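Data first, discussion second: the structure below is written as structure tokens.
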Amino acid sequence: MKLSNELKALEQRLGHHFSDPSLLVRAVTHSSMSSPTRADNQRLEFLGDRVLGLVMSEALLAADKKASEGQLAPRFNALVRKEACAEVAREVDLGAGLKLGRSEMLSGGRRKQALLGDAMEAVIAAVYVDAGFDAAKAMVLRLWGDRVNRVEADARDAKTSLQEWAQARGQHPPKYDMVSRSGPDHAPVFTIAARLEDGQSAEATAGSKRLAEQAAAKALLSQVESR
């Protein structure tokens, strides 16, 4: 099987040359494009999630040999969660190579966090099946970069930390207000403001209320801690 120009370019960005190119094709094929003769990436996604988990578990243990299980768990979750996979997928422009049905194409599927995260996991599995664990591990560590070293900050629950900061200073818990909502129903964009009792505030925008609230809390926490 010959790869399209888009997938050849993706192969270069991933840093892995597939001995079996059909694995990469399958990894980028969404269920909206599946057929009796064309398999989608769901089974690979299932496998890739486990491969990613093992790679990150090993990396975290190597990075901090004294950390307890309670310290490692939130770091692990921050590295393997769908948002992290989608972020990496955007960095390698995985969306450009996705094979989507017409409905997903029209609804902006190439930019959807869930689709990108799932496809990234499927690509990891494709490399694992194509060349083994060491090859998959090398690619994951290369693409995730310094995230393993800076995951402590990413793993913090910003809303909880901000609430603890406020309560330690005798303030009521922060409030979160929706500033705006835009975009179509299938891909909404929320802007949330986090506000403290003393008047300090910060805003953030994300594709869900939960993520926008966390981002706003993180921004406000950074703001108050720098003073």
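Chain labels A, B, ... are given in the sequence in which chains occur in the structure tokens; within each chain residues are numbered consecutively from 1, and ligands are likewise numbered from 1 in the order shown.
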Practice task
Going by DSSP on the backbone, which bits of range 68-192 of chain A are strand (DSSP E)? Write them as a list in words, please.
Solution key: Lys175, Tyr176, Asp177, Met178, Val179, Ser180, Arg181, Ser182, Val189, Phe190, Thr191 and Ile192 of chain A
For the residues in the current selection, export N, CA and C atoms as an mmCIF file, in the first residue's frame.
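Final output, saved to result_4.cif:
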```cif
data_model
loop_
_atom_site.group_PDB
_atom_site.id
_atom_site.type_symbol
_atom_site.label_atom_id
_atom_site.label_comp_id
_atom_site.auth_asym_id
_atom_site.auth_seq_id
_atom_site.Cartn_x
_atom_site.Cartn_y
_atom_site.Cartn_z
ATOM 1 N N LYS A 175 -15.437 32.225 42.625
ATOM 2 C CA LYS A 175 -16.635 32.046 41.819
ATOM 3 C C LYS A 175 -16.230 31.964 40.349
ATOM 4 N N TYR A 176 -17.014 31.211 39.580
ATOM 5 C CA TYR A 176 -16.737 31.039 38.164
ATOM 6 C C TYR A 176 -17.951 31.474 37.352
ATOM 7 N N ASP A 177 -17.772 32.485 36.524
ATOM 8 C CA ASP A 177 -18.864 33.037 35.729
ATOM 9 C C ASP A 177 -18.580 32.858 34.241
ATOM 10 N N MET A 178 -19.616 32.493 33.500
ATOM 11 C CA MET A 178 -19.465 32.388 32.052
ATOM 12 C C MET A 178 -19.502 33.775 31.433
ATOM 13 N N VAL A 179 -18.431 34.127 30.758
ATOM 14 C CA VAL A 179 -18.344 35.422 30.089
ATOM 15 C C VAL A 179 -19.012 35.354 28.722
ATOM 16 N N SER A 180 -18.760 34.266 28.016
ATOM 17 C CA SER A 180 -19.363 34.108 26.693
ATOM 18 C C SER A 180 -19.320 32.659 26.261
ATOM 19 N N ARG A 181 -20.190 32.357 25.311
ATOM 20 C CA ARG A 181 -20.175 31.051 24.633
ATOM 21 C C ARG A 181 -20.329 31.327 23.145
ATOM 22 N N SER A 182 -19.470 30.731 22.352
ATOM 23 C CA SER A 182 -19.531 30.944 20.910
ATOM 24 C C SER A 182 -19.345 29.619 20.192
ATOM 25 N N VAL A 189 -17.315 26.995 22.258
ATOM 26 C CA VAL A 189 -16.136 27.597 22.878
ATOM 27 C C VAL A 189 -16.623 28.445 24.048
ATOM 28 N N PHE A 190 -16.094 28.156 25.237
ATOM 29 C CA PHE A 190 -16.522 28.839 26.445
ATOM 30 C C PHE A 190 -15.416 29.753 26.971
ATOM 31 N N THR A 191 -15.810 30.942 27.393
ATOM 32 C CA THR A 191 -14.899 31.836 28.099
ATOM 33 C C THR A 191 -15.427 31.991 29.512
ATOM 34 N N ILE A 192 -14.594 31.631 30.475
ATOM 35 C CA ILE A 192 -14.979 31.635 31.895
ATOM 36 C C ILE A 192 -14.072 32.590 32.666
#
```
Range 107-167 of chain A residues near range 197-215 of chain A within 12 Å, closest pair each, using only C-alpha atoms, as JSON lines:
```
{"residue": "A:Arg111", "atom": "CA", "partner": "A:Gly207", "partner_atom": "CA", "distance": 10.7}
{"residue": "A:Lys112", "atom": "CA", "partner": "A:Gly207", "partner_atom": "CA", "distance": 9.1}
{"residue": "A:Gln113", "atom": "CA", "partner": "A:Gly207", "partner_atom": "CA", "distance": 8.4}
{"residue": "A:Ala114", "atom": "CA", "partner": "A:Gly207", "partner_atom": "CA", "distance": 10.8}
{"residue": "A:Asp154", "atom": "CA", "partner": "A:Ala215", "partner_atom": "CA", "distance": 10.6}
{"residue": "A:Ala155", "atom": "CA", "partner": "A:Gln214", "partner_atom": "CA", "distance": 11.3}
{"residue": "A:Arg156", "atom": "CA", "partner": "A:Gln214", "partner_atom": "CA", "distance": 9.9}
{"residue": "A:Asp157", "atom": "CA", "partner": "A:Gln214", "partner_atom": "CA", "distance": 7.5}
{"residue": "A:Ala158", "atom": "CA", "partner": "A:Gln214", "partner_atom": "CA", "distance": 5.8}
{"residue": "A:Lys159", "atom": "CA", "partner": "A:Gln214", "partner_atom": "CA", "distance": 5.9}
{"residue": "A:Thr160", "atom": "CA", "partner": "A:Gln214", "partner_atom": "CA", "distance": 9.3}
{"residue": "A:Ser161", "atom": "CA", "partner": "A:Gln214", "partner_atom": "CA", "distance": 10.4}
{"residue": "A:Leu162", "atom": "CA", "partner": "A:Gln214", "partner_atom": "CA", "distance": 9.9}
{"residue": "A:Gln163", "atom": "CA", "partner": "A:Glu197", "partner_atom": "CA", "distance": 11.0}
{"residue": "A:Trp165", "atom": "CA", "partner": "A:Glu197", "partner_atom": "CA", "distance": 11.8}
{"residue": "A:Ala166", "atom": "CA", "partner": "A:Glu197", "partner_atom": "CA", "distance": 8.3}
{"residue": "A:Gln167", "atom": "CA", "partner": "A:Glu197", "partner_atom": "CA", "distance": 10.4}
```
Completion exercise
Here CA of Ala219 in chain A and CA of Val140 in chain A stand apart by 28.3 Å
Exercise for the section: From range 6-162 of chain A, collect each residue whose DSSP state is helix (DSSP H, G or I) and return the set as number ranges by chain. Expected result: A: 6-14, 21-27, 31-33, 42-63, 69-80, 82-91, 94-97, 102-106, 109-111, 113-131, 133-144, 147-155, 158-162
Problem - Proximity to Gly97 in chain A - best of A:Met56, A:Leu10, A:Ala63, A:Leu141, only C-alpha atoms - result: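 Going through A:Met56, A:Leu10, A:Ala63, A:Leu141 one by one, the smallest distance to Gly97 in chain A is for A:Leu10.
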List the spatial neighbours of Glu91 in chain A as a PDB file with N, CA and C atoms, in the first residue's frame - criterion: any atom at most 12 Å away, only C-alpha atoms, same-chain residues fewer than 2 positions off excluded.
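Wrote it out as around.pdb, contents follow:
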```pdb
ATOM      1  N   LEU A  10       2.934  13.142   7.397  1.00  0.00           N
ATOM      2  CA  LEU A  10       2.668  12.805   8.795  1.00  0.00           C
ATOM      3  C   LEU A  10       3.686  11.797   9.310  1.00  0.00           C
ATOM      4  N   ARG A  13       6.697  13.591  10.304  1.00  0.00           N
ATOM      5  CA  ARG A  13       6.538  14.351  11.549  1.00  0.00           C
ATOM      6  C   ARG A  13       6.531  13.429  12.761  1.00  0.00           C
ATOM      7  N   LEU A  14       6.031  12.224  12.579  1.00  0.00           N
ATOM      8  CA  LEU A  14       6.026  11.251  13.674  1.00  0.00           C
ATOM      9  C   LEU A  14       7.419  10.688  13.916  1.00  0.00           C
ATOM     10  N   ALA A  84      -4.086  15.807  26.754  1.00  0.00           N
ATOM     11  CA  ALA A  84      -2.648  15.743  26.471  1.00  0.00           C
ATOM     12  C   ALA A  84      -2.395  15.081  25.115  1.00  0.00           C
ATOM     13  N   CYS A  85      -3.136  14.011  24.836  1.00  0.00           N
ATOM     14  CA  CYS A  85      -2.970  13.333  23.546  1.00  0.00           C
ATOM     15  C   CYS A  85      -3.365  14.256  22.398  1.00  0.00           C
ATOM     16  N   ALA A  86      -4.452  15.003  22.586  1.00  0.00           N
ATOM     17  CA  ALA A  86      -4.899  15.920  21.537  1.00  0.00           C
ATOM     18  C   ALA A  86      -3.892  17.046  21.325  1.00  0.00           C
ATOM     19  N   GLU A  87      -3.277  17.500  22.400  1.00  0.00           N
ATOM     20  CA  GLU A  87      -2.278  18.563  22.301  1.00  0.00           C
ATOM     21  C   GLU A  87      -1.092  18.103  21.463  1.00  0.00           C
ATOM     22  N   VAL A  88      -0.629  16.885  21.721  1.00  0.00           N
ATOM     23  CA  VAL A  88       0.475  16.324  20.934  1.00  0.00           C
ATOM     24  C   VAL A  88       0.044  16.138  19.480  1.00  0.00           C
ATOM     25  N   ALA A  89      -1.187  15.676  19.294  1.00  0.00           N
ATOM     26  CA  ALA A  89      -1.707  15.481  17.937  1.00  0.00           C
ATOM     27  C   ALA A  89      -1.700  16.790  17.150  1.00  0.00           C
ATOM     28  N   ASP A  93       0.306  17.990  13.714  1.00  0.00           N
ATOM     29  CA  ASP A  93      -0.731  18.218  12.703  1.00  0.00           C
ATOM     30  C   ASP A  93      -1.355  16.909  12.251  1.00  0.00           C
ATOM     31  N   LEU A  94      -1.726  16.090  13.225  1.00  0.00           N
ATOM     32  CA  LEU A  94      -2.355  14.808  12.926  1.00  0.00           C
ATOM     33  C   LEU A  94      -3.705  15.004  12.238  1.00  0.00           C
ATOM     34  N   GLY A  95      -4.377  16.093  12.566  1.00  0.00           N
ATOM     35  CA  GLY A  95      -5.677  16.356  11.966  1.00  0.00           C
ATOM     36  C   GLY A  95      -5.655  16.400  10.456  1.00  0.00           C
ATOM     37  N   ALA A  96      -4.538  16.860   9.888  1.00  0.00           N
ATOM     38  CA  ALA A  96      -4.434  16.966   8.427  1.00  0.00           C
ATOM     39  C   ALA A  96      -4.506  15.609   7.745  1.00  0.00           C
ATOM     40  N   ARG A 111     -10.407  19.224  13.989  1.00  0.00           N
ATOM     41  CA  ARG A 111      -9.994  20.050  15.126  1.00  0.00           C
ATOM     42  C   ARG A 111     -10.560  19.552  16.450  1.00  0.00           C
ATOM     43  N   LEU A 116      -8.897  13.875  17.833  1.00  0.00           N
ATOM     44  CA  LEU A 116      -7.441  13.983  17.787  1.00  0.00           C
ATOM     45  C   LEU A 116      -6.789  13.100  18.852  1.00  0.00           C
ATOM     46  N   GLY A 117      -7.356  13.122  20.067  1.00  0.00           N
ATOM     47  CA  GLY A 117      -6.802  12.303  21.140  1.00  0.00           C
ATOM     48  C   GLY A 117      -6.891  10.822  20.823  1.00  0.00           C
ATOM     49  N   MET A 120      -4.380   9.906  18.115  1.00  0.00           N
ATOM     50  CA  MET A 120      -3.008   9.871  18.611  1.00  0.00           C
ATOM     51  C   MET A 120      -2.724   8.544  19.299  1.00  0.00           C
ATOM     52  N   ARG A 142       9.676  11.149  22.477  1.00  0.00           N
ATOM     53  CA  ARG A 142      10.092  12.260  21.622  1.00  0.00           C
ATOM     54  C   ARG A 142       8.952  13.271  21.459  1.00  0.00           C
ATOM     55  N   LEU A 143       7.748  12.790  21.214  1.00  0.00           N
ATOM     56  CA  LEU A 143       6.620  13.682  20.975  1.00  0.00           C
ATOM     57  C   LEU A 143       6.132  14.357  22.248  1.00  0.00           C
ATOM     58  N   TRP A 144       6.172  13.637  23.354  1.00  0.00           N
ATOM     59  CA  TRP A 144       5.735  14.239  24.631  1.00  0.00           C
ATOM     60  C   TRP A 144       6.788  15.190  25.189  1.00  0.00           C
ATOM     61  N   GLY A 145       8.023  15.038  24.744  1.00  0.00           N
ATOM     62  CA  GLY A 145       9.084  15.979  25.093  1.00  0.00           C
ATOM     63  C   GLY A 145       9.273  16.168  26.584  1.00  0.00           C
TER      64      GLY A 145
END
```
Exercise for the section: Calculate how many Å separate CA of Asp64 in chain A from CA of Ala78 in chain A, rounding to one decimal. Expected result: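 Result for CA of Asp64 in chain A versus CA of Ala78 in chain A: 15.6 Å, one decimal.
With only C-alpha atoms as the basis for measurement, A:Val151 is the residue among A:Pro174, A:Lys8, A:Ala122, A:Val151 that approaches Ala73 in chain A most closely.
Put simply, CA of Glu58 in chain A is 15.8 Å away from CA of Arg150 in chain A.
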Practice task
May I ask which of the residues A:Leu61, A:Leu196, A:Leu115, A:Arg90 is the closest one to His172 in chain A, counting only C-alpha atoms?
Solution key: A:Leu196
Which residues come within 6 Å of range 19-34 of chain A, counting only C-alpha atoms, excluding same-chain residues fewer than 5 positions away, as an mmCIF file with N, CA and C atoms, in the first residue's frame?
```
data_model
loop_
_atom_site.group_PDB
_atom_site.id
_atom_site.type_symbol
_atom_site.label_atom_id
_atom_site.label_comp_id
_atom_site.auth_asym_id
_atom_site.auth_seq_id
_atom_site.Cartn_x
_atom_site.Cartn_y
_atom_site.Cartn_z
ATOM 1 N N ALA A 39 -11.237 -0.794 7.859
ATOM 2 C CA ALA A 39 -11.316 -0.810 9.321
ATOM 3 C C ALA A 39 -11.034 0.578 9.887
ATOM 4 N N ASP A 40 -11.712 0.908 10.995
ATOM 5 C CA ASP A 40 -11.460 2.197 11.642
ATOM 6 C C ASP A 40 -10.401 2.021 12.732
ATOM 7 N N ASN A 41 -10.142 3.100 13.471
ATOM 8 C CA ASN A 41 -9.026 3.100 14.422
ATOM 9 C C ASN A 41 -9.404 2.754 15.858
ATOM 10 N N LEU A 98 -6.283 12.890 9.035
ATOM 11 C CA LEU A 98 -7.447 12.098 9.431
ATOM 12 C C LEU A 98 -8.351 11.802 8.244
ATOM 13 N N LYS A 99 -8.876 10.579 8.227
ATOM 14 C CA LYS A 99 -9.851 10.171 7.223
ATOM 15 C C LYS A 99 -11.225 10.178 7.885
ATOM 16 N N LEU A 100 -12.063 11.138 7.480
ATOM 17 C CA LEU A 100 -13.342 11.371 8.132
ATOM 18 C C LEU A 100 -14.490 11.268 7.144
ATOM 19 N N GLY A 101 -15.651 10.856 7.676
ATOM 20 C CA GLY A 101 -16.857 10.877 6.876
ATOM 21 C C GLY A 101 -17.306 12.307 6.648
ATOM 22 N N ALA A 119 -7.112 9.442 17.838
ATOM 23 C CA ALA A 119 -6.221 9.118 16.724
ATOM 24 C C ALA A 119 -4.768 9.052 17.175
ATOM 25 N N ALA A 122 -4.257 5.763 18.647
ATOM 26 C CA ALA A 122 -4.235 4.748 17.590
ATOM 27 C C ALA A 122 -2.896 4.738 16.858
ATOM 28 N N VAL A 123 -2.323 5.911 16.637
ATOM 29 C CA VAL A 123 -1.017 5.993 15.981
ATOM 30 C C VAL A 123 0.060 5.329 16.841
ATOM 31 N N ALA A 126 -0.262 1.754 16.335
ATOM 32 C CA ALA A 126 0.193 1.376 14.990
ATOM 33 C C ALA A 126 1.711 1.214 14.964
#
```
Practice task
For each of A:Leu221, A:Val148, A:Ala125, A:Ala138, take the minimum atom-to-atom distance to Phe46 in chain A, counting only C-alpha atoms, then give the residue where this is smallest.
Solution key: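 Checking each of A:Leu221, A:Val148, A:Ala125, A:Ala138 against Phe46 in chain A, counting only C-alpha atoms, the winner is A:Ala125.
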Problem - Among the residues A:Leu7, A:Ala59, A:Met105, A:Leu47, the one that comes closest to Ile124 in chain A [using only C-alpha atoms] - result: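 Distance minimum relative to Ile124 in chain A lands on A:Leu47.
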